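File shown: structure-v2.pdb (PDB, C-alpha atoms and all ligand atoms).
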```
ATOM      1  CA  MET A   1     111.177 114.766  14.497
ATOM      2  CA  ALA A   2     107.473 114.215  13.763
ATOM      3  CA  ASP A   3     108.087 114.900  10.064
ATOM      4  CA  LYS A   4     110.856 112.344  10.055
ATOM      5  CA  ALA A   5     108.604 109.769  11.728
ATOM      6  CA  ASP A   6     105.814 110.538   9.288
ATOM      7  CA  SER A   7     108.062 110.115   6.288
ATOM      8  CA  GLN A   8     109.429 106.881   7.765
ATOM      9  CA  ILE A   9     105.860 105.569   8.120
ATOM     10  CA  SER A  10     104.933 106.596   4.601
ATOM     11  CA  GLU A  11     108.056 104.881   3.276
ATOM     12  CA  ASP A  12     107.192 101.694   5.109
ATOM     13  CA  VAL A  13     103.582 101.662   3.902
ATOM     14  CA  PRO A  14     102.666 100.704   0.351
ATOM     15  CA  LYS A  15     101.997 103.814  -1.733
ATOM     16  CA  ALA A  16      98.310 102.975  -2.256
ATOM     17  CA  VAL A  17      97.710 103.246   1.524
ATOM     18  CA  SER A  18      97.462 106.783   2.924
ATOM     19  CA  ARG A  19      98.838 107.620   6.377
ATOM     20  CA  ARG A  20      95.274 108.247   7.610
ATOM     21  CA  ASN A  21      94.171 104.806   6.449
ATOM     22  CA  PHE A  22      97.300 103.298   7.948
ATOM     23  CA  ILE A  23      96.479 104.760  11.370
ATOM     24  CA  LYS A  24      92.844 103.705  11.050
ATOM     25  CA  GLY A  25      94.048 100.215  10.271
ATOM     26  CA  VAL A  26      96.218 100.150  13.404
ATOM     27  CA  ILE A  27      93.316 101.279  15.558
ATOM     28  CA  THR A  28      90.846  98.786  14.110
ATOM     29  CA  SER A  29      93.310  95.921  14.282
ATOM     30  CA  GLY A  30      93.926  96.857  17.931
ATOM     31  CA  VAL A  31      90.205  96.602  18.513
ATOM     32  CA  ALA A  32      90.157  93.303  16.690
ATOM     33  CA  VAL A  33      92.965  91.983  18.866
ATOM     34  CA  PHE A  34      91.093  93.096  21.982
ATOM     35  CA  SER A  35      87.857  91.461  20.795
ATOM     36  CA  ALA A  36      89.680  88.363  19.672
ATOM     37  CA  SER A  37      91.457  87.986  22.985
ATOM     38  CA  TYR A  38      88.150  88.350  24.831
ATOM     39  CA  LEU A  39      86.505  85.761  22.589
ATOM     40  CA  PHE A  40      89.534  83.504  22.907
ATOM     41  CA  ARG A  41      89.296  83.768  26.648
ATOM     42  CA  ALA A  42      85.580  82.979  26.595
ATOM     43  CA  SER A  43      85.950  80.061  24.214
ATOM     44  CA  SER A  44      88.914  78.686  26.180
ATOM     45  CA  PHE A  45      86.785  78.808  29.269
ATOM     46  CA  LEU A  46      83.954  76.932  27.554
ATOM     47  CA  GLN A  47      86.363  74.371  26.094
ATOM     48  CA  GLY A  48      87.806  73.916  29.559
ATOM     49  CA  GLN A  49      84.321  73.311  30.817
ATOM     50  CA  GLN A  50      83.644  70.681  28.190
ATOM     51  CA  ALA A  51      86.963  68.986  28.811
ATOM     52  CA  ALA A  52      86.208  68.816  32.485
ATOM     53  CA  GLY A  53      82.530  68.024  31.867
ATOM     54  CA  VAL A  54      82.475  65.435  34.606
ATOM     55  CA  GLY A  55      82.350  68.288  37.105
ATOM     56  CA  GLU A  56      79.141  69.733  35.683
ATOM     57  CA  ARG A  57      76.095  69.425  37.859
ATOM     58  CA  LEU A  58      72.511  70.574  37.957
ATOM     59  CA  ILE A  59      71.624  73.021  40.689
ATOM     60  CA  THR A  60      68.688  75.291  41.482
ATOM     61  CA  LEU A  61      69.120  78.995  42.043
ATOM     62  CA  ASN A  62      66.522  81.505  43.162
ATOM     63  CA  VAL A  63      66.899  84.328  40.630
ATOM     64  CA  ASN A  64      64.416  87.202  40.412
ATOM     65  CA  GLY A  65      61.872  85.213  42.409
ATOM     66  CA  GLN A  66      62.035  82.146  40.169
ATOM     67  CA  GLN A  67      63.601  78.765  40.830
ATOM     68  CA  ARG A  68      66.046  78.285  37.936
ATOM     69  CA  ARG A  69      67.577  74.879  37.219
ATOM     70  CA  VAL A  70      70.979  75.230  35.615
ATOM     71  CA  ASP A  71      73.994  73.065  34.723
ATOM     72  CA  VAL A  72      77.104  74.612  36.211
ATOM     73  CA  MET A  73      80.779  73.920  36.766
ATOM     74  CA  LYS A  74      82.032  74.263  40.299
ATOM     75  CA  GLN A  75      84.532  77.010  39.371
ATOM     76  CA  GLU A  76      81.902  79.099  37.601
ATOM     77  CA  THR A  77      81.192  82.581  38.933
ATOM     78  CA  LEU A  78      77.678  83.808  39.508
ATOM     79  CA  ALA A  79      78.154  86.472  36.798
ATOM     80  CA  TRP A  80      79.064  83.762  34.306
ATOM     81  CA  THR A  81      76.097  81.600  35.263
ATOM     82  CA  LEU A  82      73.681  84.519  35.055
ATOM     83  CA  ARG A  83      74.944  85.771  31.692
ATOM     84  CA  TYR A  84      75.919  82.643  29.792
ATOM     85  CA  LYS A  85      73.730  79.939  31.325
ATOM     86  CA  LEU A  86      70.563  81.846  32.243
ATOM     87  CA  GLY A  87      70.728  84.519  29.528
ATOM     88  CA  LEU A  88      70.510  87.405  32.012
ATOM     89  CA  THR A  89      72.909  89.632  30.117
ATOM     90  CA  GLY A  90      71.799  92.803  31.885
ATOM     91  CA  THR A  91      74.497  91.881  34.404
ATOM     92  CA  LYS A  92      77.659  93.176  32.733
ATOM     93  CA  LEU A  93      81.212  91.921  32.943
ATOM     94  CA  GLY A  94      83.720  94.771  32.974
ATOM     95  CA  CYS A  95      86.927  94.017  34.847
ATOM     96  CA  ASP A  96      85.931  90.494  35.958
ATOM     97  CA  ARG A  97      88.050  90.984  39.080
ATOM     98  CA  ALA A  98      86.025  92.942  41.668
ATOM     99  CA  GLU A  99      87.074  96.431  40.674
ATOM    100  CA  CYS A 100      84.381  98.107  38.575
ATOM    101  CA  GLY A 101      80.990  97.018  39.924
ATOM    102  CA  ALA A 102      79.448  96.472  36.465
ATOM    103  CA  CYS A 103      78.421  92.953  37.530
ATOM    104  CA  THR A 104      76.638  94.008  40.735
ATOM    105  CA  VAL A 105      73.567  91.996  41.724
ATOM    106  CA  LEU A 106      71.696  91.713  44.990
ATOM    107  CA  ILE A 107      72.048  88.610  47.121
ATOM    108  CA  ASP A 108      69.506  88.641  49.912
ATOM    109  CA  ASP A 109      69.104  92.390  49.244
ATOM    110  CA  ILE A 110      72.819  93.170  49.619
ATOM    111  CA  PRO A 111      74.884  94.300  46.594
ATOM    112  CA  TYR A 112      77.686  91.935  45.554
ATOM    113  CA  TYR A 113      80.148  91.829  42.659
ATOM    114  CA  SER A 114      78.824  88.705  40.953
ATOM    115  CA  CYS A 115      82.124  88.209  39.090
ATOM    116  CA  SER A 116      83.663  87.365  42.445
ATOM    117  CA  VAL A 117      80.950  85.112  43.864
ATOM    118  CA  LEU A 118      80.899  81.390  43.151
ATOM    119  CA  HIS A 119      77.401  80.305  42.141
ATOM    120  CA  HIS A 120      77.176  77.469  44.643
ATOM    121  CA  THR A 121      77.532  79.909  47.542
ATOM    122  CA  VAL A 122      74.156  81.460  46.660
ATOM    123  CA  ARG A 123      72.106  78.276  46.772
ATOM    124  CA  GLY A 124      69.151  78.880  49.092
ATOM    125  CA  ARG A 125      69.601  82.652  48.825
ATOM    126  CA  LYS A 126      67.698  85.228  46.783
ATOM    127  CA  VAL A 127      69.533  86.657  43.771
ATOM    128  CA  ALA A 128      68.142  89.780  42.084
ATOM    129  CA  THR A 129      69.373  91.149  38.776
ATOM    130  CA  ILE A 130      68.401  94.199  36.761
ATOM    131  CA  GLU A 131      65.929  92.058  34.790
ATOM    132  CA  GLY A 132      63.912  91.470  37.946
ATOM    133  CA  LEU A 133      63.376  95.121  38.871
ATOM    134  CA  ALA A 134      60.524  96.117  36.584
ATOM    135  CA  GLY A 135      56.984  95.036  37.448
ATOM    136  CA  ALA A 136      55.295  92.079  35.739
ATOM    137  CA  ASP A 137      53.337  94.558  33.613
ATOM    138  CA  GLY A 138      56.548  96.233  32.462
ATOM    139  CA  THR A 139      56.306  99.218  34.809
ATOM    140  CA  LEU A 140      59.825 100.413  35.493
ATOM    141  CA  HIS A 141      61.257 100.357  38.996
ATOM    142  CA  PRO A 142      61.277 103.937  40.396
ATOM    143  CA  LEU A 143      65.089 103.994  40.142
ATOM    144  CA  GLN A 144      64.975 102.935  36.496
ATOM    145  CA  GLN A 145      62.359 105.634  35.914
ATOM    146  CA  GLY A 146      64.690 108.165  37.560
ATOM    147  CA  VAL A 147      67.390 107.259  35.048
ATOM    148  CA  VAL A 148      64.927 107.701  32.188
ATOM    149  CA  ASP A 149      63.673 110.999  33.610
ATOM    150  CA  GLU A 150      67.147 112.472  34.042
ATOM    151  CA  GLN A 151      68.763 110.830  31.015
ATOM    152  CA  GLY A 152      71.580 109.655  33.242
ATOM    153  CA  PHE A 153      74.515 107.659  31.799
ATOM    154  CA  GLN A 154      76.292 107.962  28.464
ATOM    155  CA  CYS A 155      77.037 104.533  27.001
ATOM    156  CA  ALA A 156      75.197 102.891  29.932
ATOM    157  CA  PHE A 157      77.512  99.885  30.165
ATOM    158  CA  CYS A 158      77.847 100.531  33.889
ATOM    159  CA  MET A 159      74.173 101.330  34.380
ATOM    160  CA  SER A 160      72.763  98.044  35.648
ATOM    161  CA  GLY A 161      75.557  97.758  38.212
ATOM    162  CA  PHE A 162      74.951 101.287  39.499
ATOM    163  CA  ILE A 163      71.195 100.725  39.685
ATOM    164  CA  MET A 164      71.512  97.433  41.577
ATOM    165  CA  THR A 165      73.974  99.012  44.008
ATOM    166  CA  ALA A 166      71.642 101.953  44.539
ATOM    167  CA  VAL A 167      68.647  99.648  45.085
ATOM    168  CA  GLY A 168      70.641  97.819  47.768
ATOM    169  CA  TYR A 169      71.901 101.027  49.375
ATOM    170  CA  LEU A 170      68.456 102.652  49.444
ATOM    171  CA  LYS A 171      67.134  99.723  51.451
ATOM    172  CA  THR A 172      69.392 100.934  54.250
ATOM    173  CA  ASN A 173      68.862 104.670  53.795
ATOM    174  CA  THR A 174      65.680 105.713  52.024
ATOM    175  CA  ASN A 175      66.317 109.454  52.149
ATOM    176  CA  PRO A 176      70.034 110.011  51.583
ATOM    177  CA  THR A 177      71.772 113.308  50.937
ATOM    178  CA  ARG A 178      73.585 113.561  47.607
ATOM    179  CA  GLN A 179      76.877 112.977  49.431
ATOM    180  CA  GLU A 180      75.540 109.931  51.256
ATOM    181  CA  LEU A 181      74.285 108.379  48.045
ATOM    182  CA  ALA A 182      77.618 109.157  46.371
ATOM    183  CA  ASN A 183      79.341 107.226  49.157
ATOM    184  CA  GLY A 184      76.784 104.432  48.847
ATOM    185  CA  ILE A 185      77.550 103.858  45.167
ATOM    186  CA  SER A 186      81.278 104.543  45.384
ATOM    187  CA  GLY A 187      82.114 100.892  44.692
ATOM    188  CA  ASN A 188      80.975 101.345  41.095
ATOM    189  CA  LEU A 189      83.033 102.889  38.316
ATOM    190  CA  CYS A 190      81.917 104.563  35.105
ATOM    191  CA  ARG A 191      84.332 104.524  32.184
ATOM    192  CA  CYS A 192      82.519 107.515  30.673
ATOM    193  CA  GLN A 193      83.024 109.338  33.985
ATOM    194  CA  ASP A 194      79.435 110.514  33.939
ATOM    195  CA  TYR A 195      79.248 110.557  37.722
ATOM    196  CA  ASP A 196      77.404 113.839  38.206
ATOM    197  CA  LYS A 197      74.556 112.856  35.891
ATOM    198  CA  ILE A 198      74.436 109.347  37.329
ATOM    199  CA  LEU A 199      74.093 110.735  40.832
ATOM    200  CA  THR A 200      71.369 113.160  39.727
ATOM    201  CA  ALA A 201      69.462 110.294  38.090
ATOM    202  CA  LEU A 202      69.772 108.064  41.133
ATOM    203  CA  MET A 203      68.723 110.876  43.487
ATOM    204  CA  ARG A 204      65.648 111.327  41.303
ATOM    205  CA  GLY A 205      65.078 107.578  41.486
ATOM    206  CA  ALA A 206      65.326 107.680  45.290
ATOM    207  CA  GLU A 207      62.709 110.428  45.308
ATOM    208  CA  ASN A 208      60.496 108.317  43.006
ATOM    209  CA  MET A 209      60.842 105.426  45.453
ATOM    210  CA  ARG A 210      59.775 107.541  48.401
ATOM    211  CA  ARG A 211      56.795 108.866  46.450
ATOM    212  CA  ALA A 212      55.799 105.349  45.368
ATOM    213  CA  LYS A 213      55.802 104.258  49.008
ATOM    214  CA  LEU A 214      53.742 107.281  50.032
ATOM    215  CA  GLY A 215      51.264 106.807  47.171
TER     216      GLY A 215
HETATM  217  S1  LIG B   1      83.056  92.868  36.424
HETATM  218 FE1  LIG B   1      82.742  92.434  38.501
HETATM  219  S2  LIG B   1      83.581  94.114  39.563
HETATM  220 FE2  LIG B   1      84.067  94.491  37.457
HETATM  221  S1  LIG B   2      78.019 105.580  31.126
HETATM  222 FE1  LIG B   2      79.555 104.573  29.961
HETATM  223  S2  LIG B   2      80.602 103.332  31.419
HETATM  224 FE2  LIG B   2      79.222 104.490  32.569
END
```
Turn this file's structure into structure tokens for me.
Amino acid sequence: MADKADSQISEDVPKAVSRRNFIKGVITSGVAVFSASYLFRASSFLQGQQAAGVGERLITLNVNGQQRRVDVMKQETLAWTLRYKLGLTGTKLGCDRAECGACTVLIDDIPYYSCSVLHHTVRGRKVATIEGLAGADGTLHPLQQGVVDEQGFQCAFCMSGFIMTAVGYLKTNTNPTRQELANGISGNLCRCQDYDKILTALMRGAENMRRAKLG
């Protein structure tokens, strides 16, 4: 059956193109379609914004301890504002529908999926993103240092979301067991499924935090 399918493919493909190249082409064009659809979606959104430009307004948000003035549309999510208006691209967009946690930021010290928060609801509140964790002199936050120490994460797309969730959780429980921390970060998903290493890195980060407070 497979042989028949293979020969059918090779008959359908011009002779100069090998089956291997044909398959590679399918895969890369699939990627191109995915990328194109994402870009199309983004550009449609921006065009929609321009078309409805009358709704744009200037607001002030408290992000990472700074007052940031930004032009926004009323339907814009906080994740969109942070990434595409304020340039804080450490906040990632994965699912864009409150499922993966890649977009997690702190609002008044509590972790939220920023893809599901409208920006105007955070006026007068404190927003913290991954960019605000390190010290002014560049010293990493103890949790970030834990990730470096343990080499947690594979591709690291999910990393900022996990770290922000852990920062929020550790404010409520500074000395968690491994199981407690696993529960605390269970709202975040990792496509690389690197959960064991992530947990080890965050446990190390929690230990770094306790030491930093003792020191
Ligand atoms: S991008 Fe917000 S939860 Fe996935
Ligand atoms: S390390 Fe790749 S998505 Fe989590």
At most 7 Å is the cut-off: for each residue in chain A with any atom that close to an atom of ligand LIG 2 (chain B), write down the nearest atom pair and the distance in Å rounded to one decimal, counting all atoms listed in the file, chain first then increasing number, as JSON lines.
```
{"residue": "A:Phe153", "atom": "CA", "partner": "B:LIG2", "partner_atom": "S1", "distance": 4.1}
{"residue": "A:Gln154", "atom": "CA", "partner": "B:LIG2", "partner_atom": "S1", "distance": 4.0}
{"residue": "A:Cys155", "atom": "CA", "partner": "B:LIG2", "partner_atom": "FE1", "distance": 3.9}
{"residue": "A:Ala156", "atom": "CA", "partner": "B:LIG2", "partner_atom": "S1", "distance": 4.1}
{"residue": "A:Phe157", "atom": "CA", "partner": "B:LIG2", "partner_atom": "S2", "distance": 4.8}
{"residue": "A:Cys158", "atom": "CA", "partner": "B:LIG2", "partner_atom": "FE2", "distance": 4.4}
{"residue": "A:Met159", "atom": "CA", "partner": "B:LIG2", "partner_atom": "FE2", "distance": 6.2}
{"residue": "A:Cys190", "atom": "CA", "partner": "B:LIG2", "partner_atom": "FE2", "distance": 3.7}
{"residue": "A:Arg191", "atom": "CA", "partner": "B:LIG2", "partner_atom": "S2", "distance": 4.0}
{"residue": "A:Cys192", "atom": "CA", "partner": "B:LIG2", "partner_atom": "FE1", "distance": 4.2}
{"residue": "A:Gln193", "atom": "CA", "partner": "B:LIG2", "partner_atom": "FE2", "distance": 6.3}
{"residue": "A:Asp194", "atom": "CA", "partner": "B:LIG2", "partner_atom": "S1", "distance": 5.9}
```
Please write the residues picked by the PyMOL selection byres (((chain A and resi 160) around 9) and not hetatm) on this file as a list in words.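 Applying the PyMOL selection byres (((chain A and resi 160) around 9) and not hetatm) to the structure shown produces Gly90, Thr91, Lys92, Ala102, Cys103, Thr104, Val105, Thr129, Ile130, Ala156, Phe157, Cys158, Met159, Gly161, Phe162, Ile163, Met164 and Thr165 of chain A.
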Would you tabulate, counting only C-alpha atoms and all ligand atoms, all residues of chain A that have an atom at most 8 Å from an atom of ligand LIG 1 (chain B), showing the closest pair of atoms and their distance in Å to one decimal, sorted by chain then ascending number, as CSV?
```
residue,atom,partner,partner_atom,distance
A:Ala79,CA,B:LIG1,FE1,7.7
A:Lys92,CA,B:LIG1,S1,6.5
A:Leu93,CA,B:LIG1,S1,4.1
A:Gly94,CA,B:LIG1,S1,4.0
A:Cys95,CA,B:LIG1,FE2,3.9
A:Asp96,CA,B:LIG1,S1,3.8
A:Arg97,CA,B:LIG1,S2,5.5
A:Ala98,CA,B:LIG1,S2,3.4
A:Glu99,CA,B:LIG1,S2,4.3
A:Cys100,CA,B:LIG1,FE2,3.8
A:Gly101,CA,B:LIG1,S2,3.9
A:Ala102,CA,B:LIG1,S1,5.1
A:Cys103,CA,B:LIG1,FE1,4.5
A:Thr104,CA,B:LIG1,FE1,6.7
A:Tyr113,CA,B:LIG1,FE1,4.9
A:Ser114,CA,B:LIG1,FE1,5.9
A:Cys115,CA,B:LIG1,FE1,4.3
A:Ser116,CA,B:LIG1,FE1,6.5
A:Asn188,CA,B:LIG1,S2,7.8
```
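Nearest-residue note for A:Ala212: choosing from A:Thr89, A:Gln75, A:Asn183, A:Thr174, the minimum distance belongs to A:Thr174, counting only C-alpha atoms.
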List the residues matched by the PyMOL selection byres (((chain A and resi 203) around 9) and not hetatm) in the displayed structure as a list in words, ordered by chain and then by residue number. Leu143, Gly146, Pro176, Thr177, Arg178, Leu181, Ile198, Leu199, Thr200, Ala201, Leu202, Arg204, Gly205, Ala206, Glu207 and Asn208 of chain A
Do you have the atom CA of A:Val63-atom CA of A:Leu106 distance handy?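 So the answer is 9.8 Å.
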Put a box with edges along x, y and z around all the listed atoms of stretch 191-198 of chain A, pad it by 3 Å on each side, then give me its centre and sizes in Å, one decimal, as JSON.
```
{"center_x": 79.4, "center_y": 109.2, "center_z": 34.4, "size_x": 15.9, "size_y": 15.3, "size_z": 13.5}
```
Let me make sure I understand: among A:Leu88, A:Val72, A:Val147, A:Gly152, which one has the smallest atom-to-atom distance to A:Leu118 if we use all atoms listed in the file? A:Val72
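We find atom CA of A:Asn64 and atom CA of A:Met209 to be spaced 19.2 Å apart.
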When you count all atoms listed in the file, which of these residues is closest to A:Leu133: A:Leu189, A:Thr172, A:Gly65, A:Tyr84? A:Gly65
Interatomic distance between atom CA of A:Val127 and atom CA of A:Asp109?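 Separation of atom CA of A:Val127 and atom CA of A:Asp109: 7.9 Å.
All polymer residues at most 10 Å from (71.0, 68.0, 36.9), using all atoms listed in the file, appear as Glu56, Arg57, Leu58, Ile59, Thr60, Arg69, Val70, Asp71 and Val72 of chain A.
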Between A:Glu76, A:Arg83, A:Ala166, A:Gln66, smallest distance to A:Ile110 by all atoms listed in the file belongs to A:Ala166
